[in-house]
Structure formats: structure tokens, C-alpha cells
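> Dropping the structure in here first, questions after.
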Amino acid sequence: MNGINQFGHIGILMGGCSSEREISLKSGTAIYNALKNCNCQVTALDIASEDEARILSLVRNAGIDVAFIALHGRLGEDGTIQSILEKAKIPYTGSGVTASRLALNKVSAQNIFRKNNIPVPDYIVIRKKDSGDSQKFLDKVNGFPVVVKPANQGSSIGITLVKEKKDLTPALKLAFQYDDEILIERYISGRELTVGILDETPLPVIEIKPKGSFFDFESKYQPGMAEHIVPAVIPPPVAKAVQDFALKAHQSLGCRHLSRVDVLLDKENNPYVIEINTIPGFTATSLLPDAAKHAGLDFSQLCLKLIALAYGK
């Protein structure tokens, strides 16, 4: 891509105050280094406050022309930072306010997927205020294993794979440490896949083979804890179906620029969409950059393309 100066002063927004702060700093640093190596004018902005007025002041005082959002979890993926940047009239990478909010909340996203005939695992929703009678929820779970997850968290934080009834209550307690609303989802035994979406185009399907029982926080961010197979070794019609559902999920929430859609493929090759990430990881072990590289875009080119998309180019 020519004309680096056309991008002006790029601000990398990273850090935040969520449980994903450390991952965000790694993503932001990788993006900063890539753009710096392309001779872009770039500034790293560590967002260490949740006060919206303070963030707005920080962004305005930095004098940036465009924002590359590398904030994972709350503040970054719930529409808050997007709203602040719109007030400051600064273009930014990734999805807008509403799509971000819908995608981060797994309950909202799953409900929209269902309405759009996108296959998802069966699930029930539990709210903290109703959690006193744990037996009531135990009775609703028809068989194990199940996955217990907070509604508004990423990076597999607070998630437990529950194989036996006795382990469900501790899993609920863990999930409620991170959110007041959680899902109990039927566990789909099969292969873990993910599809990056870049500029409304599905990237090659990746199969994830974690060393542990499922793709947890450690598997995502510790080198060597998960193998990425790009492209996934699955029949072409199945790969096409997975990509089609991923793009449909992205579009059903109104996402733009990029996302990463996580999919489970059961033993009969039936895909189930489990979640969508509007600001996926940009670390050395991250999945979307892996898929983009296979599609012909190296890390720097991917970052530059996203800046161009922020400007509507």
C-alpha cells in the first residue's frame, strides 16, 4: 500500500481496565511496532481509566487523526470507546457502537444468531439475582458436559467445561465473578474452528488443536499450548458452509472491517457458531493474523489495510 503519509497520525488504543488488559497491551505493542516499521506516524495510548471524560481528553490531546482500537473486553468491545471516538470525530478501526455492544454480550449475540437461522448450541441464561436456587438451574441442564461462561467476557476468561453435575456450582460461582449474567451451553464434542472476517470477506478456516481439554485462556496466549492448522483440513463444502455462517454472523450483528467467529464442528460435520470477537487478538499467537498471512497479507499489511478501512478506503 503506497502513500503511508495519507494515514496521518495513528493512535493505538490499548490497555484498558478489563481482565484482558495484559493481552490488549501485547496486541497494541505488536500493532505499534508493525506500523512504526512502516514509517507511519504512530502513538501508543494506554487507556488506564474508565472515566469517559478523561479518555476523551486523552484522545483529543494526543492529536491523532485515526484510532486503531486494540482494547479487548469491556470498554474496547462494548461500544464505549467507539462512542468516545465518535464524539471526538476520530475515525477508528473495527465495528461501530451497536455492533460492538451486541457482539460482546454472548446472550444478545446468540439470540440474534438464532433469529437469523445461524446454528448455535442449546443454552440457558442465568442472572446473578436469580442464582440463589442453584438446584433449579441444575434441573434445567439436560445432561453433561456443558460449558459455563460469563455473558460479557472474552479470551475464555471465567469459562469452565463442566463434565459432572457436582462441578456445576463452582463453575457458576467462577463465572459470576466476571459478570452478572452467564450462559450454560451444551458442549459440542468435535473440532474447534475459527474464521476471520476481513472487509466482508471470510479468511481461510483455521482449526485449533489445544493441548488441554478445550481452548482456554492459557491455550490462546501461551506459545506452544495450541496448534493452528491453516487452512483446516476439512472437506471443501464444509469449509464453505463454516465460512458462510461466519460471514452471516458478522453481518447479522452489523459488524464491519474485521471480526473473528469461533465455530465448533461436531462429528457429523455440523457447524455451530459459539461467539464472535469484534477486536480479536493481534499477538504473536493470535488467529486472525495467521489466517490473513495465509491469504497473502503479512502482519504489517493487515494493520495498514485496517487503517485504510477506518478511513473508508
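A note on labels: chains of the C-alpha cells are A, B, ... as shown, every chain counts residues from 1, and ligands are counted from 1 in their shown order.
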Quick check for you: according to DSSP on this backbone, which residues of stretch 91-253 of chain A are classed as strand (DSSP E)? Reply as a ChimeraX atom specification.

/A:123-127,146-150,160-162,181-186,190-198,201-202,206-210,226-229

> May I have the residues within 9 Å of A:Leu306 as a list in words, using only C-alpha atoms and disregarding those fewer than 5 positions away in the same chain?

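Once the nearby chain positions are removed, what remains is Phe68, Tyr92, Thr93, Gly94, Leu198, Asp199, His257, Leu258, Gln301 and Tyr311 of chain A.
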
> Could you write out that same residue set with C-alpha atoms as a PDB file, in the first residue's frame?


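Writing done, so here's result_14.pdb:
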ATOM      1  CA  PHE A  68      -6.517   1.642  15.787  1.00  0.00           C
ATOM      2  CA  TYR A  92     -11.461   4.142  14.027  1.00  0.00           C
ATOM      3  CA  THR A  93     -10.891   0.521  13.113  1.00  0.00           C
ATOM      4  CA  GLY A  94     -13.479  -2.173  13.714  1.00  0.00           C
ATOM      5  CA  LEU A 198     -11.705  -9.029   6.810  1.00  0.00           C
ATOM      6  CA  ASP A 199     -13.504  -6.365   4.786  1.00  0.00           C
ATOM      7  CA  HIS A 257     -13.850  -4.161   8.949  1.00  0.00           C
ATOM      8  CA  LEU A 258     -12.864  -7.277  10.896  1.00  0.00           C
ATOM      9  CA  GLN A 301      -0.101  -5.183   5.520  1.00  0.00           C
ATOM     10  CA  TYR A 311     -10.877   5.955   6.594  1.00  0.00           C
TER      11      TYR A 311
END

> To one decimal place, how far is atom CA of A:His250 from atom CA of A:Lys313 in Å?

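Between these atoms lies a distance of 20.0 Å.
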
> So that I can see what lies close to A:Lys173, please list as a ChimeraX atom specification the residues with an atom at most 12 Å from it, counting only C-alpha atoms and leaving out residues fewer than 2 positions away in the same chain.

/A:126-128,131-132,134,148-150,158-160,167-171,175-182

> Could the residues in this selection be saved with N, CA and C atoms as a short mmCIF file (atom, residue, chain, number, x, y, z; two decimals), in the first residue's frame?


data_model
loop_
_atom_site.label_atom_id
_atom_site.label_comp_id
_atom_site.auth_asym_id
_atom_site.auth_seq_id
_atom_site.Cartn_x
_atom_site.Cartn_y
_atom_site.Cartn_z
N ILE A 126 -28.60 -17.49 32.92
CA ILE A 126 -28.82 -17.32 34.36
C ILE A 126 -28.34 -15.94 34.76
N ARG A 127 -29.16 -15.24 35.55
CA ARG A 127 -28.78 -13.93 36.08
C ARG A 127 -28.47 -14.04 37.56
N LYS A 128 -27.50 -13.27 37.99
CA LYS A 128 -26.98 -13.38 39.36
C LYS A 128 -28.09 -13.20 40.40
N SER A 131 -29.80 -16.42 41.14
CA SER A 131 -28.93 -17.59 41.28
C SER A 131 -28.98 -18.27 42.64
N GLY A 132 -29.85 -17.79 43.54
CA GLY A 132 -29.91 -18.37 44.88
C GLY A 132 -30.31 -19.83 44.88
N SER A 134 -29.79 -22.80 43.29
CA SER A 134 -28.94 -23.48 42.31
C SER A 134 -29.56 -24.78 41.81
N VAL A 148 -19.89 -23.39 30.92
CA VAL A 148 -20.41 -22.25 31.67
C VAL A 148 -19.54 -21.04 31.35
N LYS A 149 -20.16 -19.94 30.94
CA LYS A 149 -19.37 -18.77 30.53
C LYS A 149 -20.07 -17.47 30.90
N PRO A 150 -19.30 -16.45 31.32
CA PRO A 150 -19.89 -15.13 31.54
C PRO A 150 -20.39 -14.56 30.22
N GLY A 158 -13.09 -16.86 32.75
CA GLY A 158 -14.26 -17.25 33.54
C GLY A 158 -15.04 -18.42 32.99
N ILE A 159 -14.50 -19.08 31.97
CA ILE A 159 -15.21 -20.19 31.33
C ILE A 159 -14.77 -21.52 31.94
N THR A 160 -15.72 -22.42 32.13
CA THR A 160 -15.43 -23.75 32.65
C THR A 160 -16.14 -24.80 31.82
N ASP A 167 -19.71 -30.43 39.66
CA ASP A 167 -18.79 -29.34 39.33
C ASP A 167 -19.50 -28.10 38.79
N LEU A 168 -20.83 -28.18 38.67
CA LEU A 168 -21.55 -27.06 38.07
C LEU A 168 -21.60 -25.84 39.00
N THR A 169 -21.89 -26.05 40.27
CA THR A 169 -21.99 -24.91 41.19
C THR A 169 -20.69 -24.10 41.29
N PRO A 170 -19.51 -24.75 41.44
CA PRO A 170 -18.26 -23.96 41.42
C PRO A 170 -18.06 -23.20 40.11
N ALA A 171 -18.48 -23.79 39.00
CA ALA A 171 -18.34 -23.12 37.71
C ALA A 171 -19.22 -21.88 37.64
N ALA A 175 -17.95 -17.97 37.10
CA ALA A 175 -18.47 -17.12 36.03
C ALA A 175 -19.09 -15.84 36.59
N PHE A 176 -19.78 -15.95 37.74
CA PHE A 176 -20.41 -14.77 38.33
C PHE A 176 -19.39 -13.79 38.91
N GLN A 177 -18.15 -14.19 39.05
CA GLN A 177 -17.11 -13.25 39.46
C GLN A 177 -16.84 -12.22 38.35
N TYR A 178 -17.19 -12.58 37.11
CA TYR A 178 -16.87 -11.73 35.97
C TYR A 178 -18.08 -11.04 35.37
N ASP A 179 -19.28 -11.51 35.68
CA ASP A 179 -20.47 -10.91 35.09
C ASP A 179 -21.69 -11.28 35.91
N ASP A 180 -22.75 -10.48 35.77
CA ASP A 180 -24.00 -10.77 36.46
C ASP A 180 -24.93 -11.64 35.63
N GLU A 181 -24.50 -11.98 34.43
CA GLU A 181 -25.30 -12.80 33.53
C GLU A 181 -24.38 -13.85 32.91
N ILE A 182 -24.80 -15.11 32.96
CA ILE A 182 -23.96 -16.17 32.40
C ILE A 182 -24.80 -17.11 31.54
#

> Let me make sure I understand: among A:Ser18, A:Asn142, A:Gln110, A:Ser300, which one has the smallest atom-to-atom distance to A:Ala34 if we use only C-alpha atoms?

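Ranking A:Ser18, A:Asn142, A:Gln110, A:Ser300 by distance to A:Ala34, first place goes to A:Ser300.
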
> Please compute the atom CA of A:Ala30-atom CA of A:Ile157 distance, one decimal, in Å.

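Interatomic distance here is 21.9 Å.
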
> Show me, as a PyMOL selection string, the residues that have an atom within 9 Å of A:Pro202 when counting only C-alpha atoms, minus same-chain residues fewer than 6 positions from it.

chain A and resi 195-196+243-244+246-247

> Go ahead and write the selection's residues with C-alpha atoms as a short mmCIF file (atom, residue, chain, number, x, y, z; two decimals), in the first residue's frame.


data_model
loop_
_atom_site.label_atom_id
_atom_site.label_comp_id
_atom_site.auth_asym_id
_atom_site.auth_seq_id
_atom_site.Cartn_x
_atom_site.Cartn_y
_atom_site.Cartn_z
CA VAL A 195 -12.92 -17.84 10.77
CA GLY A 196 -11.53 -14.35 10.44
CA GLN A 243 -17.21 -19.51 6.20
CA ASP A 244 -20.76 -18.68 5.08
CA ALA A 246 -19.25 -16.92 9.97
CA LEU A 247 -19.90 -14.12 7.49
#
